[in-house]
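Novice: Pasting input-v7.tsv here (TSV, C-alpha atoms):
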chain	number	residue	atom	x	y	z
A	76	MET	CA	0.00	0.00	0.00
A	77	GLN	CA	2.89	2.34	0.68
A	78	GLU	CA	4.05	1.90	-2.88
A	79	PHE	CA	0.57	2.75	-4.22
A	80	ALA	CA	0.44	5.87	-2.04
A	81	GLN	CA	3.85	7.00	-3.28
A	82	ALA	CA	2.91	6.30	-6.90
A	83	ALA	CA	-0.35	8.23	-6.48
A	84	MET	CA	1.48	11.25	-5.07
A	85	THR	CA	4.05	11.11	-7.88
A	86	TYR	CA	1.25	10.92	-10.45
A	87	VAL	CA	-0.60	13.92	-9.01
A	88	ARG	CA	2.60	15.96	-8.56
A	89	SER	CA	3.56	15.34	-12.19
A	90	ARG	CA	0.16	16.59	-13.38
A	91	TRP	CA	-0.31	19.49	-10.93
A	92	LYS	CA	-1.05	22.04	-13.64
A	93	LYS	CA	-3.57	19.91	-15.54
A	94	LEU	CA	-5.36	19.12	-12.25
A	95	GLY	CA	-5.63	22.81	-11.34
A	96	LEU	CA	-3.31	22.58	-8.34
A	97	GLN	CA	-0.58	24.90	-7.13
A	98	ARG	CA	2.89	23.70	-8.15
A	99	ASP	CA	3.89	23.07	-4.52
A	100	PHE	CA	0.46	21.92	-3.27
A	101	TYR	CA	1.99	18.92	-1.52
A	102	ARG	CA	4.03	21.10	0.85
A	103	SER	CA	0.89	22.22	2.68
A	104	LEU	CA	-0.83	18.82	2.52
A	105	ASP	CA	-0.37	16.28	5.30
A	106	ILE	CA	-1.22	12.81	4.01
A	107	HIS	CA	-1.57	9.69	6.11
A	108	VAL	CA	-2.64	6.39	4.58
A	109	HIS	CA	-3.90	3.92	7.16
A	110	VAL	CA	-4.74	0.37	6.15
A	111	PRO	CA	-5.82	-1.76	9.11
A	112	GLU	CA	-4.06	-5.10	9.39
A	113	GLY	CA	-7.31	-7.04	9.09
A	114	ALA	CA	-8.59	-5.05	6.13
A	115	ILE	CA	-9.38	-6.58	2.77
A	116	PRO	CA	-6.18	-6.48	0.70
A	117	LYS	CA	-6.17	-3.62	-1.79
A	118	ASP	CA	-3.98	-3.37	-4.83
A	119	GLY	CA	-3.93	-2.55	-8.49
A	120	PRO	CA	-5.76	0.26	-10.24
A	121	SER	CA	-8.49	0.43	-7.59
A	122	ALA	CA	-6.04	1.44	-4.88
A	123	GLY	CA	-3.88	3.69	-7.05
A	124	ILE	CA	-6.61	5.71	-8.72
A	125	THR	CA	-8.52	6.07	-5.46
A	126	MET	CA	-5.47	7.48	-3.70
A	127	ALA	CA	-4.59	9.79	-6.60
A	128	THR	CA	-8.16	11.11	-6.69
A	129	ALA	CA	-8.15	11.70	-2.93
A	130	ILE	CA	-4.84	13.58	-3.09
A	131	ALA	CA	-5.89	15.72	-6.05
A	132	SER	CA	-9.20	16.66	-4.43
A	133	ALA	CA	-7.94	17.17	-0.86
A	134	PRO	CA	-9.30	20.34	0.76
A	135	GLU	CA	-7.26	23.53	0.63
A	136	PRO	CA	-5.53	24.07	3.96
A	137	TYR	CA	-7.55	26.24	6.32
A	138	SER	CA	-10.40	26.85	3.86
A	139	GLY	CA	-11.90	23.37	3.56
A	140	ALA	CA	-12.66	24.07	-0.11
A	141	ALA	CA	-12.09	21.22	-2.53
A	142	ARG	CA	-9.07	21.77	-4.72
A	143	HIS	CA	-10.52	20.57	-7.98
A	144	ARG	CA	-13.73	19.08	-9.25
A	145	HIS	CA	-13.78	17.07	-12.44
A	146	ASP	CA	-16.47	17.58	-15.01
A	147	ARG	CA	-17.67	14.08	-15.94
A	148	ARG	CA	-17.22	14.86	-19.63
A	149	ASP	CA	-13.57	15.75	-19.07
A	150	HIS	CA	-12.71	12.89	-16.74
A	151	PRO	CA	-9.95	10.67	-18.11
A	152	ALA	CA	-11.86	7.45	-17.37
A	153	ARG	CA	-10.54	5.83	-20.52
A	154	GLN	CA	-7.01	6.14	-19.12
A	155	VAL	CA	-7.78	4.22	-15.91
A	156	LEU	CA	-7.26	0.46	-15.92
A	157	PRO	CA	-10.32	-1.69	-15.18
A	158	ILE	CA	-10.98	-2.36	-11.50
A	159	GLY	CA	-11.86	-5.66	-9.87
A	160	GLY	CA	-14.84	-6.36	-7.66
A	161	LEU	CA	-17.05	-3.81	-9.40
A	162	LYS	CA	-20.32	-5.39	-8.29
A	163	GLU	CA	-19.29	-5.40	-4.62
A	164	LYS	CA	-17.95	-1.85	-4.78
A	165	LEU	CA	-21.13	-0.51	-6.39
A	166	LEU	CA	-23.36	-2.31	-3.89
A	167	ALA	CA	-21.32	-0.86	-1.00
A	168	ALA	CA	-21.52	2.63	-2.54
A	169	HIS	CA	-25.27	2.26	-2.97
A	170	ARG	CA	-25.70	1.18	0.67
A	171	ALA	CA	-23.67	4.25	1.71
A	172	GLY	CA	-26.03	6.52	-0.25
A	173	ILE	CA	-23.65	7.27	-3.12
A	174	MET	CA	-25.74	7.63	-6.24
A	175	GLU	CA	-23.14	8.63	-8.83
A	176	VAL	CA	-19.79	6.98	-9.58
A	177	LEU	CA	-17.19	7.23	-12.31
A	178	LEU	CA	-15.97	3.95	-13.73
A	179	PRO	CA	-13.08	3.03	-15.98
A	180	ALA	CA	-14.36	2.60	-19.54
A	181	ASP	CA	-13.10	-1.00	-19.67
A	182	ASN	CA	-15.45	-1.92	-16.78
A	183	GLU	CA	-18.56	-1.22	-18.85
A	184	LYS	CA	-18.83	-4.91	-19.70
A	185	ASP	CA	-19.02	-5.72	-15.96
A	186	LEU	CA	-22.19	-3.70	-15.46
A	187	ALA	CA	-24.21	-6.72	-16.65
A	188	ASP	CA	-23.39	-8.37	-13.28
A	189	VAL	CA	-24.60	-5.40	-11.23
A	190	PRO	CA	-28.17	-5.49	-9.86
A	191	ARG	CA	-30.50	-3.03	-11.57
A	192	ILE	CA	-30.91	-1.02	-8.35
A	193	CYS	CA	-27.25	0.11	-8.67
A	194	ALA	CA	-27.11	0.47	-12.42
A	195	THR	CA	-29.75	3.12	-12.96
Using the file provided, produce a representation of the structure as structure tokens.
Specialist:
Amino acid sequence: MQEFAQAAMTYVRSRWKKLGLQRDFYRSLDIHVHVPEGAIPKDGPSAGITMATAIASAPEPYSGAARHRHDRRDHPARQVLPIGGLKEKLLAAHRAGIMEVLLPADNEKDLADVPRICAT
């Protein structure tokens, strides 16, 4: 997980301008990644893109304002590798009240396995 966190930070730092961040945004951002020992193992594109998204959208220090919000039409979903466990992730999001998610384009085929309640 440490490697994914470092890769996510490197990715965001290398694209600071495109993401609408200040060049040295990371200097005022304190990041702590905690993965409990008994947690479900996380790896691959799910972990990496989630961490990169969290870093890029972290609140501005002291203001609490989100740094950047993606317009769905401009989101680079086609550049994100497909994620595993899509059905389980969408069901968990639905139970948590999340009604809109962005998915990697290559996961479109997996939507057939998702109950209709989550796929509307």
Novice: Show me, as a list in words, the residues that have an atom within 12 Å of stretch 162-166 of chain A when counting all atoms listed in the file, minus same-chain residues fewer than 5 positions from it.
Specialist: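 Listed by chain and then number, they are Ser121, Ala171, Gly172, Ile173, Met174, Glu175, Val176, Leu177, Leu178, Asn182, Glu183, Lys184, Asp185, Leu186, Ala187, Asp188, Val189, Pro190, Arg191, Ile192, Cys193, Ala194 and Thr195 of chain A.
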Novice: Next, the residues of the selection above should be written as a compact mmCIF listing (two decimals), in the frame of the given file with C-alpha atoms.
Specialist:
# COMPACT_ATOMS: atom_id res chain seq x y z
CA SER A 121 -8.49 0.43 -7.59
CA ALA A 171 -23.67 4.25 1.71
CA GLY A 172 -26.03 6.52 -0.25
CA ILE A 173 -23.65 7.27 -3.12
CA MET A 174 -25.74 7.63 -6.24
CA GLU A 175 -23.14 8.63 -8.83
CA VAL A 176 -19.79 6.98 -9.58
CA LEU A 177 -17.19 7.23 -12.31
CA LEU A 178 -15.97 3.95 -13.73
CA ASN A 182 -15.45 -1.92 -16.78
CA GLU A 183 -18.56 -1.22 -18.85
CA LYS A 184 -18.83 -4.91 -19.70
CA ASP A 185 -19.02 -5.72 -15.96
CA LEU A 186 -22.19 -3.70 -15.46
CA ALA A 187 -24.21 -6.72 -16.65
CA ASP A 188 -23.39 -8.37 -13.28
CA VAL A 189 -24.60 -5.40 -11.23
CA PRO A 190 -28.17 -5.49 -9.86
CA ARG A 191 -30.50 -3.03 -11.57
CA ILE A 192 -30.91 -1.02 -8.35
CA CYS A 193 -27.25 0.11 -8.67
CA ALA A 194 -27.11 0.47 -12.42
CA THR A 195 -29.75 3.12 -12.96
Novice: Using only C-alpha atoms, pick whichever of A:Ala127, A:Ala133, A:Ala167, A:Met76 has the shortest atom-to-atom distance to A:Ser89.
Specialist: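 Once distances to A:Ser89 are computed over only C-alpha atoms, the minimum belongs to A:Ala127.
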Novice: Considering all atoms listed in the file, can you say which of A:Leu161, A:Ala82, A:Ala129, A:Ala168 comes closest to A:Leu104?
Specialist: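 Of A:Leu161, A:Ala82, A:Ala129, A:Ala168, the one nearest A:Leu104, counting all atoms listed in the file, is A:Ala129.
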Novice: One number please: atom CA of A:Val155 to atom CA of A:Arg102, in Å, one decimal.
Specialist: 26.6 Å
Novice: Which polymer residues, whether protein, DNA or RNA, lie within 12 Å of the coordinate (-7.8, 7.6, -5.5) when you count only C-alpha atoms? List them as a PDB file with C-alpha atoms, keeping the file's coordinate frame, using the chain letters and numbers from the file.
Specialist:
ATOM      1  CA  PHE A  79       0.570   2.750  -4.220  1.00  0.00           C
ATOM      2  CA  ALA A  80       0.440   5.870  -2.040  1.00  0.00           C
ATOM      3  CA  GLN A  81       3.850   7.000  -3.280  1.00  0.00           C
ATOM      4  CA  ALA A  82       2.910   6.300  -6.900  1.00  0.00           C
ATOM      5  CA  ALA A  83      -0.350   8.230  -6.480  1.00  0.00           C
ATOM      6  CA  MET A  84       1.480  11.250  -5.070  1.00  0.00           C
ATOM      7  CA  TYR A  86       1.250  10.920 -10.450  1.00  0.00           C
ATOM      8  CA  VAL A  87      -0.600  13.920  -9.010  1.00  0.00           C
ATOM      9  CA  VAL A 108      -2.640   6.390   4.580  1.00  0.00           C
ATOM     10  CA  LYS A 117      -6.170  -3.620  -1.790  1.00  0.00           C
ATOM     11  CA  ASP A 118      -3.980  -3.370  -4.830  1.00  0.00           C
ATOM     12  CA  GLY A 119      -3.930  -2.550  -8.490  1.00  0.00           C
ATOM     13  CA  PRO A 120      -5.760   0.260 -10.240  1.00  0.00           C
ATOM     14  CA  SER A 121      -8.490   0.430  -7.590  1.00  0.00           C
ATOM     15  CA  ALA A 122      -6.040   1.440  -4.880  1.00  0.00           C
ATOM     16  CA  GLY A 123      -3.880   3.690  -7.050  1.00  0.00           C
ATOM     17  CA  ILE A 124      -6.610   5.710  -8.720  1.00  0.00           C
ATOM     18  CA  THR A 125      -8.520   6.070  -5.460  1.00  0.00           C
ATOM     19  CA  MET A 126      -5.470   7.480  -3.700  1.00  0.00           C
ATOM     20  CA  ALA A 127      -4.590   9.790  -6.600  1.00  0.00           C
ATOM     21  CA  THR A 128      -8.160  11.110  -6.690  1.00  0.00           C
ATOM     22  CA  ALA A 129      -8.150  11.700  -2.930  1.00  0.00           C
ATOM     23  CA  ILE A 130      -4.840  13.580  -3.090  1.00  0.00           C
ATOM     24  CA  ALA A 131      -5.890  15.720  -6.050  1.00  0.00           C
ATOM     25  CA  SER A 132      -9.200  16.660  -4.430  1.00  0.00           C
ATOM     26  CA  ALA A 133      -7.940  17.170  -0.860  1.00  0.00           C
ATOM     27  CA  VAL A 155      -7.780   4.220 -15.910  1.00  0.00           C
ATOM     28  CA  LEU A 177     -17.190   7.230 -12.310  1.00  0.00           C
TER      29      LEU A 177
END
Novice: How many Å separate atom CA of A:Ile158 from atom CA of A:Pro179?
Specialist: 7.3 Å
Novice: Name all residues at most 10 Å from A:Leu96 (count all atoms listed in the file; drop same-chain ones fewer than 2 positions away) and give them as a count of residues only.
Specialist: 16
